[in-house]
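Novice: One file: query_19.cif (mmCIF, C-alpha atoms).
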data_protein
#
loop_
_atom_site.label_atom_id
_atom_site.label_comp_id
_atom_site.auth_asym_id
_atom_site.auth_seq_id
_atom_site.Cartn_x
_atom_site.Cartn_y
_atom_site.Cartn_z
CA MET H 565 0.00 0.00 0.00
CA PRO H 566 1.32 3.46 -0.84
CA ASP H 567 2.73 5.34 2.17
CA SER H 568 0.47 8.33 1.68
CA TYR H 569 -2.59 6.31 2.68
CA SER H 570 -3.54 5.43 6.23
CA LYS H 571 -2.99 1.75 6.95
CA GLU H 572 -5.35 1.79 9.91
CA PRO H 573 -9.03 2.68 10.24
CA ILE H 574 -9.64 6.42 10.50
CA VAL H 575 -11.75 6.93 13.61
CA LEU H 576 -13.67 10.17 13.16
CA ARG H 577 -14.39 10.78 16.86
CA GLU H 578 -10.68 10.41 17.66
CA LYS H 579 -9.76 12.99 15.06
CA LEU H 580 -12.37 15.40 16.43
CA ALA H 581 -11.08 14.92 19.97
CA ARG H 582 -7.72 16.35 18.96
CA PHE H 583 -8.76 19.97 18.56
CA THR H 584 -11.30 22.44 19.92
CA GLU H 585 -11.24 25.41 17.52
CA HIS H 586 -14.29 26.25 15.44
CA TRP H 587 -14.16 26.75 11.66
CA ALA H 588 -10.70 25.17 11.51
CA PRO H 589 -10.99 22.02 9.38
CA ARG H 590 -8.47 19.23 9.77
CA THR H 591 -7.68 17.04 6.79
CA ILE H 592 -7.90 13.39 7.83
CA ALA H 593 -7.72 11.52 4.54
CA ALA H 594 -7.53 11.87 0.79
CA MET H 595 -8.91 9.89 -2.12
CA ASN H 596 -8.03 10.62 -5.73
CA ASP H 597 -7.91 14.44 -5.92
CA HIS H 598 -10.34 14.96 -3.04
CA GLU H 599 -9.86 15.44 0.69
CA PHE H 600 -11.85 14.52 3.79
CA LYS H 601 -11.81 17.05 6.62
CA VAL H 602 -13.40 17.10 10.04
CA VAL H 603 -14.49 20.45 11.39
CA LYS H 604 -16.26 21.84 14.45
CA LEU H 605 -18.78 24.57 13.71
CA GLN H 606 -20.42 27.03 16.04
CA GLY H 607 -21.84 30.43 15.20
CA GLU H 608 -22.00 31.77 11.68
CA PHE H 609 -19.32 31.59 9.00
CA THR H 610 -19.13 33.95 6.03
CA TRP H 611 -20.90 33.96 2.67
CA HIS H 612 -18.69 32.45 0.00
CA ASP H 613 -18.63 30.03 -2.90
CA HIS H 614 -16.16 27.65 -4.47
CA GLN H 615 -15.84 28.18 -8.21
CA GLU H 616 -13.89 24.99 -8.87
CA THR H 617 -15.49 22.35 -6.69
CA ASP H 618 -18.68 20.99 -5.22
CA GLU H 619 -18.53 20.71 -1.44
CA THR H 620 -20.16 17.98 0.65
CA PHE H 621 -21.17 18.32 4.30
CA LEU H 622 -22.03 15.21 6.33
CA VAL H 623 -23.08 15.91 9.92
CA LEU H 624 -21.48 13.58 12.47
CA ASP H 625 -22.91 15.12 15.62
CA GLY H 626 -25.26 18.02 16.28
CA GLU H 627 -27.18 20.22 13.88
CA MET H 628 -26.21 22.89 11.36
CA GLU H 629 -27.78 25.04 8.71
CA ILE H 630 -26.46 25.79 5.27
CA GLN H 631 -27.85 29.10 4.10
CA MET H 632 -27.97 29.60 0.36
CA ARG H 633 -29.44 32.60 -1.46
CA ASP H 634 -32.63 30.72 -2.41
CA ARG H 635 -33.02 28.30 0.50
CA THR H 636 -31.65 27.15 3.84
CA VAL H 637 -31.22 23.48 4.64
CA THR H 638 -30.93 22.04 8.13
CA LEU H 639 -28.67 19.02 8.57
CA ARG H 640 -28.60 16.67 11.54
CA GLU H 641 -26.50 13.62 12.38
CA GLY H 642 -26.43 11.19 9.48
CA GLU H 643 -27.59 13.78 6.96
CA MET H 644 -25.56 15.20 4.08
CA PHE H 645 -25.79 17.88 1.45
CA VAL H 646 -23.78 18.68 -1.66
CA ILE H 647 -23.28 22.37 -2.43
CA PRO H 648 -22.76 22.77 -6.17
CA LYS H 649 -19.70 24.69 -7.28
CA GLY H 650 -20.39 28.36 -7.66
CA VAL H 651 -23.38 28.38 -5.29
CA GLU H 652 -23.01 30.96 -2.54
CA HIS H 653 -23.51 29.56 0.93
CA CYS H 654 -22.99 30.40 4.57
CA PRO H 655 -22.93 27.65 7.20
CA ARG H 656 -24.07 28.28 10.73
CA ALA H 657 -24.72 26.31 13.91
CA THR H 658 -26.32 27.48 17.13
CA LEU H 659 -24.61 24.79 19.19
CA GLU H 660 -21.33 23.11 18.36
CA CYS H 661 -21.74 20.76 15.42
CA HIS H 662 -19.23 18.21 14.10
CA VAL H 663 -19.05 17.74 10.37
CA LEU H 664 -17.20 15.71 7.76
CA VAL H 665 -16.44 17.91 4.75
CA ILE H 666 -15.37 16.55 1.38
CA GLU H 667 -13.97 18.81 -1.32
CA ARG H 668 -11.32 18.90 -3.98
CA GLU H 669 -7.78 19.17 -2.62
CA GLY H 670 -6.51 22.68 -2.25
CA THR H 671 -9.93 24.21 -1.57
CA VAL H 672 -9.86 27.22 0.74
CA ASN H 673 -12.79 27.28 3.16
CA THR H 674 -13.82 30.86 2.46
CA GLY H 675 -13.46 30.41 -1.28
CA ASP H 676 -10.97 33.31 -1.28
CA PRO H 677 -7.32 32.71 -0.37
CA GLY H 678 -6.93 36.33 0.74
CA PHE H 679 -9.88 36.44 3.09
CA LYS H 680 -9.12 36.65 6.79
CA ARG H 681 -11.12 33.57 7.73
CA GLU H 682 -8.94 31.31 5.64
CA THR H 683 -8.10 28.63 8.17
CA PRO H 684 -4.64 29.18 9.61
CA GLY H 685 -4.84 25.96 11.61
CA ASP H 686 -5.52 23.64 8.69
CA PHE H 687 -3.19 20.68 8.98
CA TRP H 688 -3.17 16.98 8.49
CA VAL H 689 -4.36 14.88 11.40
CA TYR H 690 -3.53 11.56 9.97
CA ALA H 691 -4.40 8.10 11.15
CA HIS H 692 -0.85 7.14 11.97
CA ASP H 693 0.17 10.45 13.57
CA MET Q 247 -29.11 25.48 -8.01
CA PRO Q 248 -28.54 22.99 -10.84
CA ASP Q 249 -31.32 20.40 -11.13
CA SER Q 250 -28.96 17.46 -10.87
CA TYR Q 251 -28.27 18.22 -7.21
CA SER Q 252 -30.58 17.41 -4.34
CA LYS Q 253 -32.22 20.51 -2.93
CA GLU Q 254 -33.04 18.79 0.35
CA PRO Q 255 -30.86 17.12 2.97
CA ILE Q 256 -29.91 13.55 2.08
CA VAL Q 257 -30.91 11.41 5.05
CA LEU Q 258 -28.74 8.31 4.98
CA ARG Q 259 -30.99 6.13 7.15
CA GLU Q 260 -33.94 6.90 4.86
CA LYS Q 261 -31.98 5.82 1.80
CA LEU Q 262 -30.94 2.60 3.53
CA ALA Q 263 -34.55 1.86 4.52
CA ARG Q 264 -35.54 1.67 0.86
CA PHE Q 265 -33.85 -1.60 0.01
CA THR Q 266 -32.83 -4.87 1.64
CA GLU Q 267 -30.42 -6.55 -0.80
CA HIS Q 268 -26.81 -7.09 0.15
CA TRP Q 269 -23.90 -5.99 -2.07
CA ALA Q 270 -26.22 -3.80 -4.15
CA PRO Q 271 -25.04 -0.21 -3.74
CA ARG Q 272 -27.46 2.67 -4.34
CA THR Q 273 -26.09 5.97 -5.56
CA ILE Q 274 -27.51 8.75 -3.39
CA ALA Q 275 -25.50 11.79 -4.44
CA ALA Q 276 -22.66 13.01 -6.62
CA MET Q 277 -20.00 15.67 -6.21
CA ASN Q 278 -17.62 16.66 -8.99
CA ASP Q 279 -16.77 13.35 -10.72
CA HIS Q 280 -17.40 11.22 -7.63
CA GLU Q 281 -20.43 9.39 -6.32
CA PHE Q 282 -21.77 8.56 -2.87
CA LYS Q 283 -23.44 5.18 -2.49
CA VAL Q 284 -25.08 3.43 0.43
CA VAL Q 285 -24.77 -0.33 0.59
CA LYS Q 286 -25.74 -3.16 2.93
CA LEU Q 287 -23.08 -5.81 3.38
CA GLN Q 288 -23.36 -9.27 4.82
CA GLY Q 289 -21.17 -12.26 4.10
CA GLU Q 290 -18.10 -12.08 1.91
CA PHE Q 291 -17.71 -10.30 -1.41
CA THR Q 292 -15.08 -11.17 -4.01
CA TRP Q 293 -11.43 -10.19 -4.34
CA HIS Q 294 -11.03 -7.30 -6.74
CA ASP Q 295 -9.35 -3.97 -7.29
CA HIS Q 296 -10.15 -0.70 -9.01
CA GLN Q 297 -7.37 0.39 -11.34
CA GLU Q 298 -8.71 3.89 -11.87
CA THR Q 299 -9.96 5.05 -8.50
CA ASP Q 300 -9.40 5.02 -4.78
CA GLU Q 301 -12.43 3.78 -2.87
CA THR Q 302 -13.60 5.03 0.52
CA PHE Q 303 -15.70 3.06 3.01
CA LEU Q 304 -17.37 4.85 5.93
CA VAL Q 305 -19.34 2.57 8.25
CA LEU Q 306 -22.74 3.95 9.25
CA ASP Q 307 -23.96 1.00 11.30
CA GLY Q 308 -22.43 -2.34 12.25
CA GLU Q 309 -18.97 -3.72 11.64
CA MET Q 310 -17.09 -4.89 8.57
CA GLU Q 311 -13.67 -6.07 7.57
CA ILE Q 312 -11.68 -5.08 4.52
CA GLN Q 313 -9.28 -7.84 3.66
CA MET Q 314 -6.22 -6.83 1.68
CA ARG Q 315 -3.33 -9.05 0.69
CA ASP Q 316 -1.04 -7.66 3.39
CA ARG Q 317 -3.52 -6.74 6.14
CA THR Q 318 -7.15 -6.80 7.24
CA VAL Q 319 -8.77 -3.74 8.79
CA THR Q 320 -11.92 -3.80 10.90
CA LEU Q 321 -14.24 -0.81 10.60
CA ARG Q 322 -17.05 0.10 12.99
CA GLU Q 323 -19.60 2.90 13.03
CA GLY Q 324 -17.92 6.27 12.50
CA GLU Q 325 -14.75 4.73 11.07
CA MET Q 326 -13.50 5.04 7.52
CA PHE Q 327 -10.80 3.65 5.28
CA VAL Q 328 -9.48 4.60 1.85
CA ILE Q 329 -8.44 1.71 -0.39
CA PRO Q 330 -5.83 2.97 -2.84
CA LYS Q 331 -6.45 2.34 -6.51
CA GLY Q 332 -4.97 -0.92 -7.65
CA VAL Q 333 -4.97 -2.52 -4.19
CA GLU Q 334 -6.77 -5.86 -4.12
CA HIS Q 335 -9.39 -6.09 -1.44
CA CYS Q 336 -12.32 -8.21 -0.33
CA PRO Q 337 -14.94 -6.79 2.04
CA ARG Q 338 -16.81 -9.01 4.44
CA ALA Q 339 -19.24 -8.66 7.32
CA THR Q 340 -20.50 -11.34 9.70
CA LEU Q 341 -23.68 -9.41 10.50
CA GLU Q 342 -25.39 -6.90 8.26
CA CYS Q 343 -23.36 -3.71 8.04
CA HIS Q 344 -24.42 -0.39 6.48
CA VAL Q 345 -21.75 1.57 4.66
CA LEU Q 346 -21.30 4.82 2.75
CA VAL Q 347 -19.01 4.22 -0.22
CA ILE Q 348 -17.37 7.00 -2.20
CA GLU Q 349 -15.70 6.37 -5.53
CA ARG Q 350 -15.25 7.90 -8.93
CA GLU Q 351 -18.40 7.83 -11.07
CA GLY Q 352 -18.75 4.80 -13.27
CA THR Q 353 -16.86 2.47 -10.93
CA VAL Q 354 -18.05 -1.14 -11.03
CA ASN Q 355 -18.11 -2.75 -7.61
CA THR Q 356 -16.20 -5.87 -8.58
CA GLY Q 357 -13.65 -3.90 -10.57
CA ASP Q 358 -14.58 -5.97 -13.63
CA PRO Q 359 -17.61 -5.06 -15.74
CA GLY Q 360 -17.94 -8.65 -16.96
CA PHE Q 361 -17.99 -10.30 -13.57
CA LYS Q 362 -21.24 -11.81 -12.37
CA ARG Q 363 -21.39 -9.84 -9.14
CA GLU Q 364 -21.56 -6.55 -10.92
CA THR Q 365 -24.57 -5.00 -9.24
CA PRO Q 366 -27.66 -5.29 -11.41
CA GLY Q 367 -29.73 -3.28 -8.94
CA ASP Q 368 -27.52 -0.22 -8.90
CA PHE Q 369 -29.75 2.79 -9.35
CA TRP Q 370 -30.16 6.30 -8.12
CA VAL Q 371 -32.11 6.74 -4.90
CA TYR Q 372 -32.18 10.48 -4.89
CA ALA Q 373 -33.26 12.89 -2.22
CA HIS Q 374 -36.25 14.20 -4.11
CA ASP Q 375 -37.45 10.85 -5.46
#
Just dump the structure as structure tokens.

Specialist:
Amino acid sequence: MPDSYSKEPIVLREKLARFTEHWAPRTIAAMNDHEFKVVKLQGEFTWHDHQETDETFLVLDGEMEIQMRDRTVTLREGEMFVIPKGVEHCPRATLECHVLVIEREGTVNTGDPGFKRETPGDFWVYAHD
Amino acid sequence: MPDSYSKEPIVLREKLARFTEHWAPRTIAAMNDHEFKVVKLQGEFTWHDHQETDETFLVLDGEMEIQMRDRTVTLREGEMFVIPKGVEHCPRATLECHVLVIEREGTVNTGDPGFKRETPGDFWVYAHD
């Protein structure tokens, strides 16, 4: 097996236990040209879009909303939603919510590399760390 | 929002409640050139690989094993594993296990379009069906 892949199961709750910051996704795995990230959300993010990639949210614990210009969807544990590329959205969560995010590698969470809420703490939390 | 995307949350347990067959993945969503499928596993599949795509398993309920030639990993609820492209593997589960599978669109589950366990029942179970 190539070295860049985890050789052990990736336990999502263990990855989430390793940080406390909100809106600071941690990359936990990659497949093809896509990445899996876990993130803790609370409060409201910023309106943005991703021109080059769809973005998938799968809620692991808690509840969140994804506001879009024409609708808002509420996601709870075991529920997912795919935001099409180019669609403006703004996630928010009243209470802390844990989410698995899937997007193309290199995606910046605000959609704008220069924006201040680009995640400074983004780093790999890998299975064999 | 483009019509090909679900406009409502995709509730994984609802998708799983709509079929009973084992080893018959249902595509529930797509992002970029990848697809999300839910599948119910019980028993042992067949050894195969996918030359063109990594394959991700995320267990939603139950327990499964992924046998590879050099190791076997056990996955439980909330645990995931990425099988690198080209790596032979054979999933198995003693009791029924529910899994979210992510792979590049067009992937055949046995890795061989001519093999008899290609899934005849593969179809879209979409959020707004």

Novice: Least-squares align chain H to chain Q using all Cα atoms paired by position, then dump the moved coordinates as a JSON list (two decimals) with C-alpha atoms, in the coordinates of the input.

Specialist:
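Output below, filename out29.json:
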[["chain", "number", "residue", "atom", "x", "y", "z"],
["H", 565, "MET", "CA", -29.08, 25.49, -7.98],
["H", 566, "PRO", "CA", -28.53, 23.01, -10.81],
["H", 567, "ASP", "CA", -31.31, 20.41, -11.13],
["H", 568, "SER", "CA", -28.95, 17.48, -10.85],
["H", 569, "TYR", "CA", -28.26, 18.25, -7.19],
["H", 570, "SER", "CA", -30.57, 17.41, -4.33],
["H", 571, "LYS", "CA", -32.21, 20.52, -2.91],
["H", 572, "GLU", "CA", -33.03, 18.81, 0.37],
["H", 573, "PRO", "CA", -30.85, 17.12, 2.99],
["H", 574, "ILE", "CA", -29.92, 13.56, 2.08],
["H", 575, "VAL", "CA", -30.90, 11.42, 5.06],
["H", 576, "LEU", "CA", -28.73, 8.31, 4.99],
["H", 577, "ARG", "CA", -30.99, 6.13, 7.16],
["H", 578, "GLU", "CA", -33.95, 6.90, 4.87],
["H", 579, "LYS", "CA", -31.99, 5.84, 1.82],
["H", 580, "LEU", "CA", -30.95, 2.60, 3.54],
["H", 581, "ALA", "CA", -34.55, 1.87, 4.52],
["H", 582, "ARG", "CA", -35.53, 1.69, 0.87],
["H", 583, "PHE", "CA", -33.85, -1.59, 0.00],
["H", 584, "THR", "CA", -32.84, -4.87, 1.63],
["H", 585, "GLU", "CA", -30.43, -6.54, -0.81],
["H", 586, "HIS", "CA", -26.81, -7.08, 0.14],
["H", 587, "TRP", "CA", -23.89, -5.98, -2.06],
["H", 588, "ALA", "CA", -26.21, -3.80, -4.15],
["H", 589, "PRO", "CA", -25.05, -0.19, -3.73],
["H", 590, "ARG", "CA", -27.46, 2.66, -4.34],
["H", 591, "THR", "CA", -26.10, 5.98, -5.56],
["H", 592, "ILE", "CA", -27.51, 8.77, -3.40],
["H", 593, "ALA", "CA", -25.49, 11.80, -4.43],
["H", 594, "ALA", "CA", -22.66, 13.03, -6.61],
["H", 595, "MET", "CA", -19.99, 15.68, -6.21],
["H", 596, "ASN", "CA", -17.62, 16.67, -9.00],
["H", 597, "ASP", "CA", -16.77, 13.36, -10.72],
["H", 598, "HIS", "CA", -17.38, 11.24, -7.62],
["H", 599, "GLU", "CA", -20.43, 9.41, -6.31],
["H", 600, "PHE", "CA", -21.78, 8.57, -2.86],
["H", 601, "LYS", "CA", -23.45, 5.19, -2.49],
["H", 602, "VAL", "CA", -25.09, 3.44, 0.43],
["H", 603, "VAL", "CA", -24.77, -0.32, 0.59],
["H", 604, "LYS", "CA", -25.75, -3.15, 2.92],
["H", 605, "LEU", "CA", -23.09, -5.81, 3.38],
["H", 606, "GLN", "CA", -23.37, -9.28, 4.81],
["H", 607, "GLY", "CA", -21.16, -12.26, 4.11],
["H", 608, "GLU", "CA", -18.10, -12.08, 1.92],
["H", 609, "PHE", "CA", -17.72, -10.29, -1.40],
["H", 610, "THR", "CA", -15.08, -11.16, -3.99],
["H", 611, "TRP", "CA", -11.43, -10.18, -4.33],
["H", 612, "HIS", "CA", -11.04, -7.31, -6.75],
["H", 613, "ASP", "CA", -9.35, -3.97, -7.28],
["H", 614, "HIS", "CA", -10.14, -0.71, -9.00],
["H", 615, "GLN", "CA", -7.37, 0.39, -11.34],
["H", 616, "GLU", "CA", -8.70, 3.90, -11.88],
["H", 617, "THR", "CA", -9.94, 5.05, -8.50],
["H", 618, "ASP", "CA", -9.39, 5.02, -4.77],
["H", 619, "GLU", "CA", -12.43, 3.78, -2.87],
["H", 620, "THR", "CA", -13.60, 5.04, 0.53],
["H", 621, "PHE", "CA", -15.70, 3.06, 3.00],
["H", 622, "LEU", "CA", -17.37, 4.84, 5.93],
["H", 623, "VAL", "CA", -19.33, 2.56, 8.25],
["H", 624, "LEU", "CA", -22.74, 3.94, 9.25],
["H", 625, "ASP", "CA", -23.96, 1.01, 11.30],
["H", 626, "GLY", "CA", -22.44, -2.33, 12.27],
["H", 627, "GLU", "CA", -18.98, -3.72, 11.64],
["H", 628, "MET", "CA", -17.10, -4.89, 8.56],
["H", 629, "GLU", "CA", -13.67, -6.07, 7.56],
["H", 630, "ILE", "CA", -11.69, -5.08, 4.52],
["H", 631, "GLN", "CA", -9.27, -7.85, 3.66],
["H", 632, "MET", "CA", -6.23, -6.82, 1.67],
["H", 633, "ARG", "CA", -3.33, -9.06, 0.67],
["H", 634, "ASP", "CA", -1.04, -7.66, 3.40],
["H", 635, "ARG", "CA", -3.52, -6.75, 6.13],
["H", 636, "THR", "CA", -7.15, -6.79, 7.22],
["H", 637, "VAL", "CA", -8.78, -3.75, 8.78],
["H", 638, "THR", "CA", -11.92, -3.81, 10.89],
["H", 639, "LEU", "CA", -14.25, -0.82, 10.60],
["H", 640, "ARG", "CA", -17.05, 0.09, 12.98],
["H", 641, "GLU", "CA", -19.59, 2.91, 13.03],
["H", 642, "GLY", "CA", -17.91, 6.26, 12.49],
["H", 643, "GLU", "CA", -14.75, 4.72, 11.07],
["H", 644, "MET", "CA", -13.49, 5.03, 7.50],
["H", 645, "PHE", "CA", -10.79, 3.65, 5.27],
["H", 646, "VAL", "CA", -9.48, 4.60, 1.85],
["H", 647, "ILE", "CA", -8.44, 1.72, -0.40],
["H", 648, "PRO", "CA", -5.81, 2.97, -2.84],
["H", 649, "LYS", "CA", -6.44, 2.34, -6.51],
["H", 650, "GLY", "CA", -4.97, -0.93, -7.66],
["H", 651, "VAL", "CA", -4.96, -2.51, -4.19],
["H", 652, "GLU", "CA", -6.76, -5.84, -4.13],
["H", 653, "HIS", "CA", -9.40, -6.09, -1.44],
["H", 654, "CYS", "CA", -12.33, -8.20, -0.34],
["H", 655, "PRO", "CA", -14.94, -6.79, 2.04],
["H", 656, "ARG", "CA", -16.82, -9.01, 4.43],
["H", 657, "ALA", "CA", -19.26, -8.66, 7.32],
["H", 658, "THR", "CA", -20.51, -11.33, 9.69],
["H", 659, "LEU", "CA", -23.68, -9.41, 10.50],
["H", 660, "GLU", "CA", -25.39, -6.90, 8.25],
["H", 661, "CYS", "CA", -23.37, -3.70, 8.04],
["H", 662, "HIS", "CA", -24.41, -0.38, 6.48],
["H", 663, "VAL", "CA", -21.76, 1.57, 4.66],
["H", 664, "LEU", "CA", -21.31, 4.81, 2.75],
["H", 665, "VAL", "CA", -19.02, 4.22, -0.23],
["H", 666, "ILE", "CA", -17.37, 7.01, -2.20],
["H", 667, "GLU", "CA", -15.70, 6.36, -5.53],
["H", 668, "ARG", "CA", -15.26, 7.90, -8.93],
["H", 669, "GLU", "CA", -18.41, 7.84, -11.07],
["H", 670, "GLY", "CA", -18.75, 4.82, -13.27],
["H", 671, "THR", "CA", -16.87, 2.48, -10.93],
["H", 672, "VAL", "CA", -18.06, -1.12, -11.03],
["H", 673, "ASN", "CA", -18.12, -2.75, -7.60],
["H", 674, "THR", "CA", -16.22, -5.88, -8.60],
["H", 675, "GLY", "CA", -13.67, -3.90, -10.58],
["H", 676, "ASP", "CA", -14.60, -5.97, -13.65],
["H", 677, "PRO", "CA", -17.64, -5.05, -15.74],
["H", 678, "GLY", "CA", -17.99, -8.65, -16.94],
["H", 679, "PHE", "CA", -17.97, -10.30, -13.55],
["H", 680, "LYS", "CA", -21.22, -11.82, -12.36],
["H", 681, "ARG", "CA", -21.35, -9.86, -9.11],
["H", 682, "GLU", "CA", -21.54, -6.55, -10.92],
["H", 683, "THR", "CA", -24.54, -5.01, -9.21],
["H", 684, "PRO", "CA", -27.64, -5.36, -11.36],
["H", 685, "GLY", "CA", -29.70, -3.34, -8.90],
["H", 686, "ASP", "CA", -27.53, -0.23, -8.91],
["H", 687, "PHE", "CA", -29.78, 2.77, -9.36],
["H", 688, "TRP", "CA", -30.17, 6.27, -8.13],
["H", 689, "VAL", "CA", -32.10, 6.73, -4.91],
["H", 690, "TYR", "CA", -32.19, 10.44, -4.93],
["H", 691, "ALA", "CA", -33.27, 12.87, -2.27],
["H", 692, "HIS", "CA", -36.26, 14.13, -4.19],
["H", 693, "ASP", "CA", -37.43, 10.74, -5.50]]

Novice: Produce a table with one row for each residue of chain H that has an atom at most 7 Å from any atom of chain Q, each row naming the nearest atom pair and its distance in Å at one decimal; use all atoms listed in the file; arrange rows by chain and rising residue number; format as a tab-separated table.

Specialist:
residue	atom	partner	partner_atom	distance
H:Met565	CA	Q:Val333	CA	7.0
H:Glu572	CA	Q:Val319	CA	6.6
H:Pro573	CA	Q:Phe327	CA	5.4
H:Ile574	CA	Q:Met326	CA	5.1
H:Val575	CA	Q:Glu325	CA	4.5
H:Leu576	CA	Q:Gly324	CA	5.8
H:Met595	CA	Q:Asp300	CA	5.6
H:Asn596	CA	Q:Asp300	CA	5.8
H:Thr617	CA	Q:Asn278	CA	6.5
H:Asp618	CA	Q:Met277	CA	5.6
H:Val637	CA	Q:Pro255	CA	6.6
H:Leu639	CA	Q:Pro255	CA	6.3
H:Gly642	CA	Q:Leu258	CA	5.8
H:Glu643	CA	Q:Val257	CA	4.5
H:Met644	CA	Q:Ile256	CA	5.1
H:Phe645	CA	Q:Pro255	CA	5.3
H:Val646	CA	Q:Met277	CA	6.6
H:Val651	CA	Q:Met247	CA	7.0

Novice: Between atom CA of Q:Trp269 and atom CA of H:Lys601, what is the distance in Å, rounded to a tenth?

Specialist: 27.4 Å

Novice: Counting only C-alpha atoms, figure out which residue out of Q:Val345, Q:Ala339, Q:Thr353, Q:Val305 gets nearest to Q:Phe291.

Specialist: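 Smallest separation from Q:Phe291 among the options: Q:Ala339.
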
Novice: How many Å separate atom CA of H:Glu627 from atom CA of H:Val603?

Specialist: 12.9 Å

Novice: Using Å and a single decimal, report how far atom CA of Q:Val284 sits from atom CA of Q:Glu342.

Specialist: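 That distance, rounded to one decimal, is 13.0 Å.
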
Novice: May I have the protein, DNA and RNA residues with an atom at most 12 Å from (-33.4, -4.7, -0.1), counting only C-alpha atoms in the file's coordinates, returned as a JSON list (two decimals) with C-alpha atoms, keeping the file's coordinate frame?

Specialist:
[["chain", "number", "residue", "atom", "x", "y", "z"],
["Q", 261, "LYS", "CA", -31.98, 5.82, 1.80],
["Q", 262, "LEU", "CA", -30.94, 2.60, 3.53],
["Q", 263, "ALA", "CA", -34.55, 1.86, 4.52],
["Q", 264, "ARG", "CA", -35.54, 1.67, 0.86],
["Q", 265, "PHE", "CA", -33.85, -1.60, 0.01],
["Q", 266, "THR", "CA", -32.83, -4.87, 1.64],
["Q", 267, "GLU", "CA", -30.42, -6.55, -0.80],
["Q", 268, "HIS", "CA", -26.81, -7.09, 0.15],
["Q", 269, "TRP", "CA", -23.90, -5.99, -2.07],
["Q", 270, "ALA", "CA", -26.22, -3.80, -4.15],
["Q", 271, "PRO", "CA", -25.04, -0.21, -3.74],
["Q", 272, "ARG", "CA", -27.46, 2.67, -4.34],
["Q", 284, "VAL", "CA", -25.08, 3.43, 0.43],
["Q", 285, "VAL", "CA", -24.77, -0.33, 0.59],
["Q", 286, "LYS", "CA", -25.74, -3.16, 2.93],
["Q", 287, "LEU", "CA", -23.08, -5.81, 3.38],
["Q", 342, "GLU", "CA", -25.39, -6.90, 8.26],
["Q", 344, "HIS", "CA", -24.42, -0.39, 6.48],
["Q", 367, "GLY", "CA", -29.73, -3.28, -8.94],
["Q", 368, "ASP", "CA", -27.52, -0.22, -8.90]]

Novice: Ranking H:Asp625, H:Glu599, H:Asp613, H:Asp567 by minimum distance to H:Cys661 and counting all atoms listed in the file, which one comes first?

Specialist: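 Closest residue, counting all atoms listed in the file: H:Asp625.
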